[in-house]
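Participant: Structure file target04.tsv (TSV, C-alpha atoms) is given on the next line.
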chain	number	residue	atom	x	y	z
A	1	MET	CA	19.95	3.43	86.66
A	2	GLU	CA	17.86	5.62	84.38
A	3	SER	CA	16.11	8.58	85.86
A	4	THR	CA	12.38	8.96	85.61
A	5	GLY	CA	12.82	11.74	83.01
A	6	GLU	CA	15.01	9.55	80.79
A	7	ILE	CA	12.46	6.69	80.92
A	8	VAL	CA	9.61	9.03	79.97
A	9	HIS	CA	11.66	10.52	77.13
A	10	ARG	CA	12.58	7.07	75.78
A	11	ASN	CA	8.97	5.86	75.92
A	12	PHE	CA	7.85	9.00	74.16
A	13	ARG	CA	10.31	8.41	71.30
A	14	LEU	CA	9.15	4.77	71.00
A	15	ALA	CA	5.53	5.90	70.82
A	16	LEU	CA	6.37	8.40	68.09
A	17	GLY	CA	8.20	5.67	66.13
A	18	ARG	CA	5.19	3.33	66.31
A	19	LEU	CA	2.83	6.15	65.24
A	20	ALA	CA	5.06	6.99	62.25
A	21	ALA	CA	5.11	3.33	61.20
A	22	LEU	CA	1.31	3.13	61.33
A	23	VAL	CA	0.90	6.31	59.30
A	24	CYS	CA	3.40	5.08	56.72
A	25	ALA	CA	1.65	1.71	56.37
A	26	SER	CA	-1.71	3.39	55.78
A	27	VAL	CA	-0.51	5.53	52.89
A	28	VAL	CA	2.26	3.48	51.30
A	29	ALA	CA	0.00	2.29	48.47
A	30	VAL	CA	-0.65	5.87	47.46
A	31	THR	CA	2.44	7.89	48.18
A	32	GLY	CA	5.20	5.46	49.10
A	33	CYS	CA	7.24	5.87	52.25
A	34	GLY	CA	10.87	5.73	53.23
A	35	GLY	CA	13.92	7.54	52.01
A	36	GLY	CA	15.10	5.18	49.25
A	37	ASP	CA	16.40	6.85	46.09
A	38	ASP	CA	15.37	3.97	43.77
A	39	GLU	CA	12.70	5.40	41.43
A	40	SER	CA	12.37	2.27	39.30
A	41	GLU	CA	9.21	1.21	41.17
A	42	ALA	CA	7.42	4.51	40.56
A	43	PRO	CA	4.87	4.42	37.69
A	44	LYS	CA	6.28	5.92	34.53
A	45	PRO	CA	4.05	8.16	32.39
A	46	THR	CA	3.04	6.59	29.08
A	47	SER	CA	4.98	8.29	26.33
A	48	LYS	CA	2.79	9.72	23.60
A	49	PRO	CA	3.74	8.43	20.14
A	50	THR	CA	4.96	11.05	17.72
A	51	ALA	CA	3.30	11.66	14.38
A	52	ASN	CA	6.35	10.32	12.56
A	53	SER	CA	5.92	6.93	14.19
A	54	ARG	CA	2.75	6.29	12.16
A	55	LEU	CA	3.08	8.45	9.10
A	56	VAL	CA	2.36	6.47	5.95
A	57	PRO	CA	2.47	7.27	2.22
A	58	VAL	CA	-0.84	8.56	0.90
A	59	ALA	CA	-1.17	5.54	-1.40
A	60	GLN	CA	-1.14	3.23	1.65
A	61	ALA	CA	-3.71	5.20	3.64
A	62	CYS	CA	-7.14	3.87	4.54
A	63	ASP	CA	-6.38	0.24	3.81
A	64	GLY	CA	-5.24	0.96	0.26
A	65	LEU	CA	-8.33	2.99	-0.65
A	66	PHE	CA	-6.23	5.49	-2.60
A	67	ASP	CA	-4.87	4.42	-5.95
A	68	GLU	CA	-1.68	6.01	-7.23
A	69	ALA	CA	-3.55	8.51	-9.40
A	70	ILE	CA	-5.50	9.87	-6.39
A	71	ALA	CA	-2.37	9.84	-4.23
A	72	LYS	CA	-0.57	11.88	-6.90
A	73	GLU	CA	-3.40	14.42	-6.92
A	74	ALA	CA	-3.26	14.66	-3.14
A	75	ARG	CA	0.49	15.36	-3.23
A	76	GLU	CA	0.22	18.13	-5.83
A	77	PRO	CA	1.04	20.92	-5.88
A	78	ASN	CA	1.94	21.30	-2.19
A	79	GLY	CA	0.19	18.40	-0.48
A	80	PRO	CA	2.00	16.04	1.89
A	81	GLY	CA	3.57	12.87	0.59
A	82	LYS	CA	2.77	11.14	3.87
A	83	VAL	CA	-0.25	11.37	6.14
A	84	TYR	CA	-1.28	10.31	9.63
A	85	PRO	CA	-4.24	7.88	9.57
A	86	VAL	CA	-6.43	8.46	12.61
A	87	LYS	CA	-7.37	5.08	14.07
A	88	THR	CA	-10.80	3.95	12.88
A	89	GLY	CA	-12.60	0.64	13.03
A	90	SER	CA	-11.95	-2.03	10.40
A	91	THR	CA	-14.44	-2.52	7.57
A	92	SER	CA	-15.90	-5.53	9.37
A	93	HIS	CA	-16.20	-3.51	12.60
A	94	VAL	CA	-18.05	-0.70	10.79
A	95	ALA	CA	-20.34	-3.19	9.02
A	96	LYS	CA	-21.17	-4.83	12.35
A	97	ALA	CA	-22.03	-1.43	13.85
A	98	LEU	CA	-24.29	-0.66	10.89
A	99	ARG	CA	-26.14	-3.95	11.34
A	100	GLU	CA	-27.08	-3.07	14.90
A	101	GLU	CA	-30.47	-1.45	15.42
A	102	SER	CA	-28.98	1.54	17.25
A	103	ALA	CA	-27.11	2.47	14.08
A	104	ARG	CA	-30.42	3.16	12.34
A	105	ARG	CA	-30.49	6.50	14.13
A	106	SER	CA	-28.26	7.80	11.32
A	107	THR	CA	-25.17	8.08	13.52
A	108	PRO	CA	-22.18	8.36	11.14
A	109	GLU	CA	-19.47	5.72	11.33
A	110	ASP	CA	-15.92	6.78	10.48
A	111	LEU	CA	-14.36	4.87	7.60
A	112	CYS	CA	-11.24	6.90	6.99
A	113	THR	CA	-9.75	10.01	8.57
A	114	LEU	CA	-6.37	11.47	7.61
A	115	THR	CA	-4.49	14.35	9.22
A	116	ASP	CA	-1.21	16.07	8.44
A	117	GLN	CA	0.24	14.88	11.76
A	118	ALA	CA	-0.89	13.30	15.01
A	119	GLU	CA	-3.86	15.33	16.28
A	120	GLY	CA	-3.19	17.73	13.44
A	121	LYS	CA	-5.24	19.36	10.70
A	122	GLU	CA	-7.78	17.13	9.01
A	123	LEU	CA	-6.99	16.40	5.37
A	124	LEU	CA	-9.75	13.97	4.44
A	125	ALA	CA	-12.58	12.05	6.09
A	126	ILE	CA	-15.12	9.50	4.82
A	127	THR	CA	-18.17	8.51	6.87
A	128	VAL	CA	-21.20	6.26	6.37
A	129	ALA	CA	-24.63	6.37	7.97
A	130	TRP	CA	-28.14	5.04	7.41
A	131	THR	CA	-30.55	7.50	5.80
A	132	PRO	CA	-34.26	7.36	4.95
A	133	HIS	CA	-33.48	8.92	1.57
A	134	SER	CA	-33.18	6.71	-1.50
A	135	PRO	CA	-31.46	7.03	-4.88
A	136	PRO	CA	-33.64	8.26	-7.77
A	137	SER	CA	-36.14	5.75	-9.12
A	138	GLY	CA	-34.58	2.88	-10.97
A	139	GLN	CA	-31.14	3.35	-9.42
A	140	SER	CA	-29.57	1.48	-6.54
A	141	VAL	CA	-26.59	3.86	-6.33
A	142	HIS	CA	-26.50	7.61	-6.84
A	143	TYR	CA	-23.46	9.89	-6.68
A	144	THR	CA	-23.90	13.60	-5.97
A	145	THR	CA	-21.31	16.22	-6.71
A	146	THR	CA	-21.07	18.81	-3.97
A	147	VAL	CA	-19.09	21.98	-3.54
A	148	GLY	CA	-16.49	22.80	-0.91
A	149	PRO	CA	-14.21	20.77	1.35
A	150	GLU	CA	-16.82	20.32	4.08
A	151	ASP	CA	-19.15	18.45	1.72
A	152	ALA	CA	-16.95	17.15	-1.07
A	153	GLY	CA	-19.18	14.33	-2.31
A	154	ARG	CA	-22.03	12.00	-1.36
A	155	LEU	CA	-23.06	8.52	-2.44
A	156	LEU	CA	-26.47	6.95	-1.75
A	157	VAL	CA	-26.59	3.15	-1.85
A	158	THR	CA	-29.75	1.09	-1.41
A	159	CYS	CA	-29.03	-1.81	0.93
A	160	ASP	CA	-31.83	-3.91	2.40
A	161	ILE	CA	-30.36	-6.16	5.08
A	162	GLY	CA	-33.65	-7.51	6.38
A	163	SER	CA	-34.98	-7.10	9.91
A	164	GLY	CA	-34.97	-3.49	11.07
A	165	GLY	CA	-33.79	-2.27	7.68
A	166	GLY	CA	-36.97	-0.55	6.56
A	167	THR	CA	-38.54	2.79	7.36
A	168	GLU	CA	-41.86	3.02	9.19
A	169	SER	CA	-43.61	3.32	5.82
A	170	GLY	CA	-42.04	0.06	4.67
A	171	GLY	CA	-39.49	1.46	2.25
A	172	ASP	CA	-35.90	0.28	2.16
A	173	ARG	CA	-33.25	2.36	3.83
A	174	SER	CA	-30.07	3.47	2.16
A	175	LEU	CA	-26.52	4.04	3.19
A	176	GLU	CA	-25.11	7.51	2.69
A	177	PHE	CA	-21.36	7.82	2.24
A	178	ALA	CA	-20.04	11.35	2.71
A	179	MET	CA	-16.65	12.95	2.32
A	180	ARG	CA	-14.75	15.98	3.57
A	181	ASP	CA	-11.68	16.81	1.50
A	182	TYR	CA	-9.01	19.40	2.29
A	183	PHE	CA	-6.59	17.86	-0.19
A	184	THR	CA	-9.03	19.24	-2.78
A	185	VAL	CA	-8.56	16.36	-5.18
A	186	SER	CA	-10.79	16.17	-8.25
A	187	ASP	CA	-14.46	15.25	-8.23
A	188	HIS	CA	-13.50	12.14	-10.20
A	189	SER	CA	-11.28	11.08	-7.30
A	190	HIS	CA	-14.12	11.78	-4.85
A	191	ALA	CA	-16.36	9.42	-6.82
A	192	LYS	CA	-13.68	6.72	-6.91
A	193	LEU	CA	-13.03	6.95	-3.17
A	194	LEU	CA	-16.71	6.88	-2.21
A	195	ILE	CA	-17.57	4.02	-4.57
A	196	ALA	CA	-14.57	1.99	-3.38
A	197	SER	CA	-15.60	2.61	0.25
A	198	ALA	CA	-19.19	1.61	-0.44
A	199	LYS	CA	-18.19	-1.62	-2.17
A	200	LYS	CA	-16.18	-2.68	0.89
A	201	ILE	CA	-19.06	-2.00	3.28
A	202	THR	CA	-21.93	-3.46	1.23
A	203	SER	CA	-19.97	-6.64	0.56
A	204	GLN	CA	-19.75	-7.09	4.34
A	205	LEU	CA	-23.41	-6.22	4.91
A	206	LYS	CA	-24.58	-8.62	2.18
A	207	CYS	CA	-27.44	-6.50	0.87
A	208	ARG	CA	-30.38	-8.54	-0.43
A	209	GLU	CA	-29.84	-7.05	-3.87
A	210	THR	CA	-26.30	-6.29	-4.95
A	211	PRO	CA	-25.97	-2.54	-5.64
A	212	GLU	CA	-25.15	-1.66	-9.23
A	213	TYR	CA	-22.20	0.66	-8.90
A	214	PRO	CA	-21.57	3.10	-11.75
A	215	ASP	CA	-18.22	3.67	-13.38
A	216	PRO	CA	-16.64	6.72	-11.70
A	217	LYS	CA	-15.74	8.01	-15.17
A	218	VAL	CA	-19.45	8.20	-15.99
A	219	VAL	CA	-20.69	10.00	-12.88
A	220	ALA	CA	-17.62	12.24	-12.56
A	221	PRO	CA	-15.37	12.38	-15.63
A	222	PRO	CA	-11.61	12.72	-15.02
A	223	PRO	CA	-10.39	16.31	-15.12
A	224	LYS	CA	-8.56	17.55	-18.13
A	225	ARG	CA	-4.82	17.74	-17.72
A	226	GLY	CA	-3.86	20.67	-15.52
A	227	LEU	CA	-7.40	21.05	-14.15
A	228	ARG	CA	-9.36	19.51	-11.27
Output the structure of this file as structure tokens.

Facilitator:
Amino acid sequence: MESTGEIVHRNFRLALGRLAALVCASVVAVTGCGGGDDESEAPKPTSKPTANSRLVPVAQACDGLFDEAIAKEAREPNGPGKVYPVKTGSTSHVAKALREESARRSTPEDLCTLTDQAEGKELLAITVAWTPHSPPSGQSVHYTTTVGPEDAGRLLVTCDIGSGGGTESGGDRSLEFAMRDYFTVSDHSHAKLLIASAKKITSQLKCRETPEYPDPKVVAPPPKRGLR
């Protein structure tokens, strides 16, 4: 027969066991419980993709916006042959955002951003935003040469898309395409890239009057050989 002390001790151990089970059940969803060595059920951290997994040739960047001549300029003399395209919305996604009334606050939409590696140094960026400014009289498109990588070129395009598209004074609003360029390609290439970008967007927006885009050779002649 068990002594009174043994009975008390056994009941005490049973009480501790029940308490431990209750505590374990209350926290199992957060911390897990038990001494199993199987770690397969533990959440695994999402591995971050490396830059090399998405590096593409310059000529394939930005949905084929670069032609081979611009890509060659970007690679010379010491530019990268491949770039990392930062994820941006598709042309249709950007056009949809521009059609929304909130976009009339001149918030820039990203069209193309390239870096030298994932989360690396920016090489080139093209944005578009609504602006109350208009091209000079008689023009629906106006290209402006700028100086420096932070403001490498601008293109104003008149695009009336109807409701909500005018200023308070009744005038049409325009789209302003802007570029930053640390490749330092030629001004002729800037004009080609901006005009090609604008054509993609305005074709999606279906402007009431089709913009009359100039020949890039006219607004920014190609550089002479050996010069940019």

Participant: Between atom CA of Leu124 of chain A and atom CA of Asp181 of chain A, measure the distance and give it in Å to one decimal.

Facilitator: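 Those two atoms sit 4.5 Å apart.
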
Participant: Counting only C-alpha atoms, which residue out of A:Val86, A:Pro211, A:Gly120, A:Ile195 sits closest to Phe66 of chain A?

Facilitator: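 For Phe66 of chain A, the nearest of the given residues is A:Ile195.
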
Participant: Would you kindly return, as a ChimeraX atom specification, each protein, DNA or RNA residue with an atom no farther than 12 Å from any atom of Ser106 of chain A, considering all atoms listed in the file and excluding same-chain residues fewer than 2 positions away?

Facilitator: /A:97-104,108-109,127-133,173-177

Participant: Could you check which of A:Gln139, A:Thr145, A:Thr91, A:His188 is closest to Tyr213 of chain A, using all atoms listed in the file?

Facilitator: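 When distances to Tyr213 of chain A are compared using all atoms listed in the file, the smallest one comes from A:Gln139.
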
Participant: Using only C-alpha atoms for the distances, tell me which of A:Ala152, A:Cys112, A:Pro135, A:Thr144 is nearest to Glu212 of chain A.

Facilitator: A:Pro135

Participant: Pick the closest to Pro77 of chain A from A:Thr158, A:Ser189, A:Thr184, A:Ser92: which is it, counting all atoms listed in the file?

Facilitator: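 For Pro77 of chain A, the nearest of the candidates is A:Thr184.
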